[in-house]
$ cat protein-v9.txt   # compact mmCIF, N, CA, C and O atoms
# COMPACT_ATOMS: atom_id res chain seq x y z
N MET A 1 1.12 10.88 -4.06
CA MET A 1 2.08 10.28 -3.19
C MET A 1 3.27 11.22 -3.00
O MET A 1 3.69 11.42 -1.87
N LYS A 2 3.79 11.75 -4.09
CA LYS A 2 4.94 12.63 -3.96
C LYS A 2 4.57 13.90 -3.20
O LYS A 2 5.36 14.40 -2.41
N ASN A 3 3.38 14.43 -3.44
CA ASN A 3 2.94 15.61 -2.70
C ASN A 3 2.85 15.30 -1.21
O ASN A 3 3.27 16.11 -0.38
N CYS A 4 2.31 14.17 -0.88
CA CYS A 4 2.17 13.78 0.51
C CYS A 4 3.54 13.62 1.16
O CYS A 4 3.77 14.09 2.28
N ALA A 5 4.47 13.00 0.46
CA ALA A 5 5.82 12.82 1.01
C ALA A 5 6.49 14.17 1.21
O ALA A 5 7.10 14.41 2.25
N SER A 6 6.36 15.06 0.24
CA SER A 6 7.03 16.37 0.38
C SER A 6 6.41 17.21 1.50
O SER A 6 7.11 17.97 2.16
N GLU A 7 5.13 17.06 1.74
CA GLU A 7 4.49 17.77 2.85
C GLU A 7 5.07 17.37 4.20
O GLU A 7 5.04 18.14 5.14
N PHE A 8 5.62 16.16 4.26
CA PHE A 8 6.18 15.67 5.50
C PHE A 8 7.71 15.62 5.47
O PHE A 8 8.34 14.86 6.19
N GLY A 9 8.29 16.47 4.62
CA GLY A 9 9.74 16.66 4.63
C GLY A 9 10.56 15.66 3.88
O GLY A 9 11.76 15.56 4.10
N GLN A 10 9.97 14.91 2.99
CA GLN A 10 10.73 13.95 2.20
C GLN A 10 10.71 14.38 0.75
O GLN A 10 9.66 14.75 0.22
N SER A 11 11.87 14.32 0.12
CA SER A 11 11.92 14.71 -1.29
C SER A 11 11.59 13.53 -2.20
O SER A 11 11.33 13.71 -3.38
N THR A 12 11.61 12.33 -1.65
CA THR A 12 11.30 11.13 -2.45
C THR A 12 10.33 10.25 -1.67
O THR A 12 9.96 10.55 -0.55
N LEU A 13 9.98 9.15 -2.28
CA LEU A 13 9.12 8.17 -1.62
C LEU A 13 9.94 7.11 -0.90
O LEU A 13 9.42 6.05 -0.55
N GLU A 14 11.19 7.40 -0.65
CA GLU A 14 12.07 6.44 0.02
C GLU A 14 11.51 6.09 1.40
O GLU A 14 11.10 6.96 2.16
N GLY A 15 11.47 4.83 1.68
CA GLY A 15 10.97 4.37 2.98
C GLY A 15 9.49 4.05 3.01
O GLY A 15 9.00 3.46 3.97
N TRP A 16 8.75 4.45 1.99
CA TRP A 16 7.31 4.18 1.97
C TRP A 16 7.08 2.71 1.65
O TRP A 16 7.80 2.11 0.86
N GLU A 17 6.06 2.15 2.26
CA GLU A 17 5.67 0.77 1.99
C GLU A 17 4.31 0.75 1.31
O GLU A 17 3.45 1.57 1.62
N PHE A 18 4.15 -0.17 0.41
CA PHE A 18 2.91 -0.34 -0.34
C PHE A 18 2.39 -1.74 -0.05
O PHE A 18 3.13 -2.71 -0.21
N SER A 19 1.14 -1.84 0.38
CA SER A 19 0.60 -3.13 0.76
C SER A 19 -0.83 -3.28 0.26
O SER A 19 -1.57 -2.31 0.15
N LEU A 20 -1.20 -4.52 0.02
CA LEU A 20 -2.58 -4.88 -0.26
C LEU A 20 -3.14 -5.39 1.06
O LEU A 20 -2.58 -6.32 1.66
N VAL A 21 -4.24 -4.79 1.52
CA VAL A 21 -4.74 -5.10 2.86
C VAL A 21 -6.26 -5.24 2.89
O VAL A 21 -6.97 -4.78 2.00
N THR A 22 -6.72 -5.83 3.98
CA THR A 22 -8.16 -5.94 4.25
C THR A 22 -8.63 -4.67 4.95
O THR A 22 -7.81 -3.81 5.32
N ASP A 23 -9.92 -4.55 5.17
CA ASP A 23 -10.47 -3.39 5.88
C ASP A 23 -9.87 -3.27 7.29
O ASP A 23 -9.53 -2.18 7.73
N VAL A 24 -9.74 -4.39 7.97
CA VAL A 24 -9.21 -4.39 9.34
C VAL A 24 -7.74 -3.95 9.35
O VAL A 24 -7.33 -3.13 10.18
N GLU A 25 -6.95 -4.48 8.42
CA GLU A 25 -5.54 -4.10 8.35
C GLU A 25 -5.38 -2.63 7.99
O GLU A 25 -4.50 -1.94 8.54
N LYS A 26 -6.21 -2.12 7.11
CA LYS A 26 -6.17 -0.70 6.73
C LYS A 26 -6.42 0.18 7.94
O LYS A 26 -5.68 1.14 8.19
N THR A 27 -7.44 -0.16 8.71
CA THR A 27 -7.77 0.62 9.91
C THR A 27 -6.61 0.62 10.90
O THR A 27 -6.26 1.65 11.47
N LYS A 28 -5.99 -0.53 11.08
CA LYS A 28 -4.86 -0.64 12.00
C LYS A 28 -3.68 0.23 11.54
O LYS A 28 -3.08 0.94 12.34
N ILE A 29 -3.37 0.19 10.25
CA ILE A 29 -2.27 1.00 9.72
C ILE A 29 -2.59 2.48 9.88
O ILE A 29 -1.73 3.26 10.29
N GLU A 30 -3.82 2.87 9.58
CA GLU A 30 -4.19 4.28 9.69
C GLU A 30 -4.14 4.77 11.14
O GLU A 30 -3.89 5.95 11.38
N LYS A 31 -4.39 3.89 12.09
CA LYS A 31 -4.31 4.27 13.51
C LYS A 31 -2.87 4.43 13.97
O LYS A 31 -2.59 5.17 14.89
N ASN A 32 -1.95 3.69 13.34
CA ASN A 32 -0.56 3.70 13.77
C ASN A 32 0.34 4.65 13.00
O ASN A 32 1.39 5.05 13.52
N TYR A 33 -0.02 5.00 11.77
CA TYR A 33 0.86 5.80 10.91
C TYR A 33 0.10 6.96 10.29
O TYR A 33 -1.08 6.84 9.96
N TYR A 34 0.81 8.05 10.11
CA TYR A 34 0.24 9.20 9.42
C TYR A 34 1.36 9.90 8.68
O TYR A 34 2.43 10.09 9.28
N PRO A 35 1.21 10.19 7.45
CA PRO A 35 0.04 10.05 6.60
C PRO A 35 -0.04 8.67 5.96
O PRO A 35 0.95 7.94 5.91
N THR A 36 -1.20 8.37 5.45
CA THR A 36 -1.39 7.18 4.62
C THR A 36 -2.09 7.64 3.34
O THR A 36 -2.78 8.64 3.32
N VAL A 37 -1.86 6.88 2.29
CA VAL A 37 -2.54 7.13 1.02
C VAL A 37 -3.16 5.80 0.62
O VAL A 37 -2.49 4.77 0.61
N THR A 38 -4.47 5.83 0.34
CA THR A 38 -5.16 4.59 0.02
C THR A 38 -5.88 4.67 -1.32
O THR A 38 -6.22 5.75 -1.79
N ALA A 39 -6.08 3.50 -1.89
CA ALA A 39 -6.88 3.36 -3.11
C ALA A 39 -7.79 2.16 -2.91
O ALA A 39 -7.39 1.14 -2.34
N HIS A 40 -9.02 2.31 -3.36
CA HIS A 40 -10.03 1.25 -3.20
C HIS A 40 -10.69 0.98 -4.56
O HIS A 40 -11.86 1.26 -4.76
N PRO A 41 -9.92 0.43 -5.50
CA PRO A 41 -10.51 0.13 -6.81
C PRO A 41 -11.35 -1.14 -6.72
O PRO A 41 -11.38 -1.80 -5.69
N ALA A 42 -11.98 -1.47 -7.82
CA ALA A 42 -12.72 -2.73 -7.88
C ALA A 42 -11.74 -3.87 -7.57
O ALA A 42 -10.58 -3.84 -7.98
N GLN A 43 -12.21 -4.85 -6.82
CA GLN A 43 -11.33 -5.92 -6.38
C GLN A 43 -10.68 -6.67 -7.55
O GLN A 43 -9.56 -7.15 -7.44
N GLU A 44 -11.37 -6.70 -8.68
CA GLU A 44 -10.83 -7.41 -9.84
C GLU A 44 -9.57 -6.75 -10.40
O GLU A 44 -8.75 -7.41 -11.02
N VAL A 45 -9.41 -5.44 -10.21
CA VAL A 45 -8.25 -4.74 -10.75
C VAL A 45 -7.24 -4.35 -9.68
O VAL A 45 -6.20 -3.77 -10.00
N LEU A 46 -7.51 -4.65 -8.44
CA LEU A 46 -6.64 -4.28 -7.33
C LEU A 46 -5.23 -4.83 -7.50
O LEU A 46 -4.24 -4.11 -7.36
N PHE A 47 -5.13 -6.10 -7.83
CA PHE A 47 -3.83 -6.74 -8.00
C PHE A 47 -3.04 -6.07 -9.12
O PHE A 47 -1.85 -5.79 -8.97
N GLU A 48 -3.69 -5.80 -10.24
CA GLU A 48 -3.00 -5.17 -11.36
C GLU A 48 -2.56 -3.75 -11.01
O GLU A 48 -1.47 -3.33 -11.36
N LEU A 49 -3.39 -3.00 -10.29
CA LEU A 49 -3.02 -1.66 -9.84
C LEU A 49 -1.78 -1.72 -8.95
O LEU A 49 -0.85 -0.92 -9.10
N PHE A 50 -1.74 -2.66 -8.04
CA PHE A 50 -0.60 -2.85 -7.17
C PHE A 50 0.67 -3.09 -7.98
O PHE A 50 1.71 -2.48 -7.73
N ARG A 51 0.60 -3.97 -8.95
CA ARG A 51 1.76 -4.27 -9.79
C ARG A 51 2.21 -3.04 -10.59
O ARG A 51 3.40 -2.78 -10.71
N VAL A 52 1.27 -2.28 -11.11
CA VAL A 52 1.61 -1.07 -11.87
C VAL A 52 2.29 -0.04 -10.99
O VAL A 52 3.32 0.52 -11.36
N VAL A 53 1.74 0.19 -9.79
CA VAL A 53 2.33 1.17 -8.87
C VAL A 53 3.76 0.77 -8.52
O VAL A 53 4.68 1.58 -8.60
N LYS A 54 3.96 -0.47 -8.13
CA LYS A 54 5.30 -0.92 -7.73
C LYS A 54 6.27 -0.86 -8.91
O LYS A 54 7.42 -0.47 -8.73
N SER A 55 5.83 -1.21 -10.10
CA SER A 55 6.76 -1.17 -11.23
C SER A 55 7.06 0.26 -11.67
O SER A 55 8.19 0.57 -12.01
N LYS A 56 6.09 1.16 -11.63
CA LYS A 56 6.33 2.57 -11.99
C LYS A 56 7.28 3.24 -11.01
O LYS A 56 8.06 4.11 -11.39
N LEU A 57 7.21 2.84 -9.74
CA LEU A 57 8.10 3.41 -8.72
C LEU A 57 9.40 2.63 -8.60
O LEU A 57 10.23 2.92 -7.75
N VAL A 58 9.57 1.63 -9.46
CA VAL A 58 10.75 0.78 -9.50
C VAL A 58 11.04 0.19 -8.11
O VAL A 58 12.13 0.30 -7.57
N LEU A 59 10.02 -0.43 -7.54
CA LEU A 59 10.14 -1.08 -6.25
C LEU A 59 10.10 -2.59 -6.45
O LEU A 59 9.29 -3.09 -7.22
N PRO A 60 10.97 -3.32 -5.77
CA PRO A 60 10.99 -4.78 -5.94
C PRO A 60 9.77 -5.43 -5.29
O PRO A 60 9.19 -4.90 -4.35
N PHE A 61 9.42 -6.58 -5.80
CA PHE A 61 8.34 -7.38 -5.23
C PHE A 61 8.93 -8.39 -4.26
O PHE A 61 9.94 -9.02 -4.57
N SER A 62 8.30 -8.55 -3.11
CA SER A 62 8.74 -9.57 -2.16
C SER A 62 8.31 -10.94 -2.67
O SER A 62 7.48 -11.04 -3.58
N ASN A 63 8.83 -11.98 -2.06
CA ASN A 63 8.42 -13.34 -2.46
C ASN A 63 6.92 -13.54 -2.27
O ASN A 63 6.27 -14.15 -3.09
N LEU A 64 6.40 -12.99 -1.17
CA LEU A 64 4.96 -13.10 -0.92
C LEU A 64 4.17 -12.38 -2.01
O LEU A 64 3.17 -12.90 -2.52
N GLU A 65 4.60 -11.18 -2.37
CA GLU A 65 3.89 -10.41 -3.40
C GLU A 65 3.96 -11.10 -4.76
O GLU A 65 3.01 -11.03 -5.53
N ASN A 66 5.06 -11.76 -5.04
CA ASN A 66 5.18 -12.50 -6.30
C ASN A 66 4.20 -13.66 -6.36
O ASN A 66 3.81 -14.09 -7.44
N SER A 67 3.80 -14.17 -5.20
CA SER A 67 2.87 -15.30 -5.19
C SER A 67 1.41 -14.87 -5.25
O SER A 67 0.53 -15.71 -5.36
N PHE A 68 1.15 -13.56 -5.15
CA PHE A 68 -0.23 -13.06 -5.23
C PHE A 68 -0.81 -13.26 -6.61
O PHE A 68 -0.11 -13.21 -7.60
N ASP A 69 -2.10 -13.45 -6.66
CA ASP A 69 -2.86 -13.36 -7.89
C ASP A 69 -4.25 -12.86 -7.52
O ASP A 69 -4.62 -12.82 -6.35
N ALA A 70 -5.01 -12.47 -8.50
CA ALA A 70 -6.32 -11.87 -8.24
C ALA A 70 -7.23 -12.81 -7.45
O ALA A 70 -7.95 -12.38 -6.55
N ALA A 71 -7.20 -14.09 -7.77
CA ALA A 71 -8.07 -15.05 -7.09
C ALA A 71 -7.72 -15.18 -5.61
O ALA A 71 -8.60 -15.21 -4.75
N SER A 72 -6.42 -15.24 -5.30
CA SER A 72 -6.03 -15.39 -3.90
C SER A 72 -6.37 -14.15 -3.09
O SER A 72 -6.73 -14.24 -1.92
N LEU A 73 -6.28 -12.97 -3.72
CA LEU A 73 -6.63 -11.75 -3.01
C LEU A 73 -8.12 -11.69 -2.71
O LEU A 73 -8.53 -11.23 -1.65
N MET A 74 -8.94 -12.19 -3.62
CA MET A 74 -10.39 -12.20 -3.41
C MET A 74 -10.74 -13.14 -2.26
O MET A 74 -11.60 -12.84 -1.45
N GLN A 75 -10.05 -14.27 -2.18
CA GLN A 75 -10.31 -15.23 -1.10
C GLN A 75 -9.95 -14.64 0.26
O GLN A 75 -10.59 -14.92 1.25
N LYS A 76 -8.91 -13.82 0.31
CA LYS A 76 -8.45 -13.24 1.57
C LYS A 76 -9.20 -11.95 1.91
O LYS A 76 -8.92 -11.33 2.91
N ASN A 77 -10.13 -11.54 1.04
CA ASN A 77 -10.93 -10.33 1.22
C ASN A 77 -10.07 -9.06 1.24
O ASN A 77 -10.36 -8.10 1.95
N VAL A 78 -9.01 -9.05 0.46
CA VAL A 78 -8.15 -7.88 0.32
C VAL A 78 -8.85 -6.89 -0.60
O VAL A 78 -9.27 -7.25 -1.70
N THR A 79 -9.02 -5.65 -0.12
CA THR A 79 -9.77 -4.67 -0.91
C THR A 79 -9.08 -3.32 -1.03
O THR A 79 -9.60 -2.43 -1.69
N TRP A 80 -7.94 -3.12 -0.38
CA TRP A 80 -7.28 -1.82 -0.36
C TRP A 80 -5.82 -1.90 -0.77
O TRP A 80 -5.13 -2.85 -0.42
N LEU A 81 -5.37 -0.88 -1.45
CA LEU A 81 -3.95 -0.63 -1.67
C LEU A 81 -3.62 0.54 -0.76
O LEU A 81 -4.28 1.58 -0.84
N ILE A 82 -2.65 0.37 0.12
CA ILE A 82 -2.30 1.43 1.06
C ILE A 82 -0.81 1.70 1.00
O ILE A 82 -0.01 0.78 0.80
N ALA A 83 -0.46 2.96 1.12
CA ALA A 83 0.94 3.38 1.18
C ALA A 83 1.13 4.17 2.46
O ALA A 83 0.28 4.98 2.84
N PHE A 84 2.24 3.89 3.14
CA PHE A 84 2.55 4.61 4.37
C PHE A 84 4.05 4.52 4.61
O PHE A 84 4.74 3.69 4.03
N ASN A 85 4.54 5.42 5.45
CA ASN A 85 5.95 5.40 5.81
C ASN A 85 6.05 4.99 7.26
O ASN A 85 5.57 5.69 8.14
N PRO A 86 6.67 3.84 7.55
CA PRO A 86 6.74 3.36 8.93
C PRO A 86 7.52 4.29 9.86
O PRO A 86 7.46 4.14 11.07
N LYS A 87 8.22 5.27 9.34
CA LYS A 87 8.93 6.23 10.18
C LYS A 87 8.00 7.25 10.79
O LYS A 87 8.34 7.89 11.77
N PHE A 88 6.82 7.44 10.19
CA PHE A 88 5.87 8.44 10.67
C PHE A 88 4.77 7.82 11.52
O PHE A 88 3.70 7.49 11.05
N HIS A 89 5.05 7.66 12.81
CA HIS A 89 4.06 7.12 13.74
C HIS A 89 3.12 8.23 14.16
O HIS A 89 3.48 9.39 14.21
N ARG A 90 1.91 7.86 14.48
CA ARG A 90 0.93 8.83 15.02
C ARG A 90 1.30 9.18 16.42
O ARG A 90 1.78 8.48 17.19
$ encode --input "protein-v9.txt" --output "structure tokens"
Amino acid sequence: MKNCASEFGQSTLEGWEFSLVTDVEKTKIEKNYYPTVTAHPAQEVLFELFRVVKSKLVLPFSNLENSFDAASLMQKNVTWLIAFNPKFHR
């Protein structure tokens, strides 16, 4: 992540967004923003990976993210963790 940010002129990950998304949402984000960084772990550990990434980067959780749990993510067919900076449009 830091390498990707520095390649595009940022010294930090400031402004990057981290989201749990479906295949369709991932494709849409990748079409609209560049660069993106994605992870596709087993769905059972996706939620925990998301929490670890956000806590290691000292990023706050939104109210929606606080309501997530592994079961709800499986029901919504969420399978990707994606990071992108909304300032970098394609």
$ atom_distance --input "protein-v9.txt" --atom1 "CA of Thr36 in chain A" --atom2 "atom C of Glu48 in chain A"
19.1 Å
$ closest_residue --input "protein-v9.txt" --among "A:Cys4, A:Val37, A:Leu46, A:Ala71" --to "Glu17 in chain A" --atoms "all atoms listed in the file"
A:Val37
$ closest_residue --input "protein-v9.txt" --among "A:Glu7, A:Ile29, A:Phe61, A:Lys2" --to "Asn85 in chain A" --atoms "all atoms listed in the file"
A:Ile29
$ atom_distance --input "protein-v9.txt" --atom1 "atom N of Thr79 in chain A" --atom2 "atom O of Ala42 in chain A"
8.2 Å
$ atom_distance --input "protein-v9.txt" --atom1 "CA of Val58 in chain A" --atom2 "CA of Asn3 in chain A"
18.1 Å
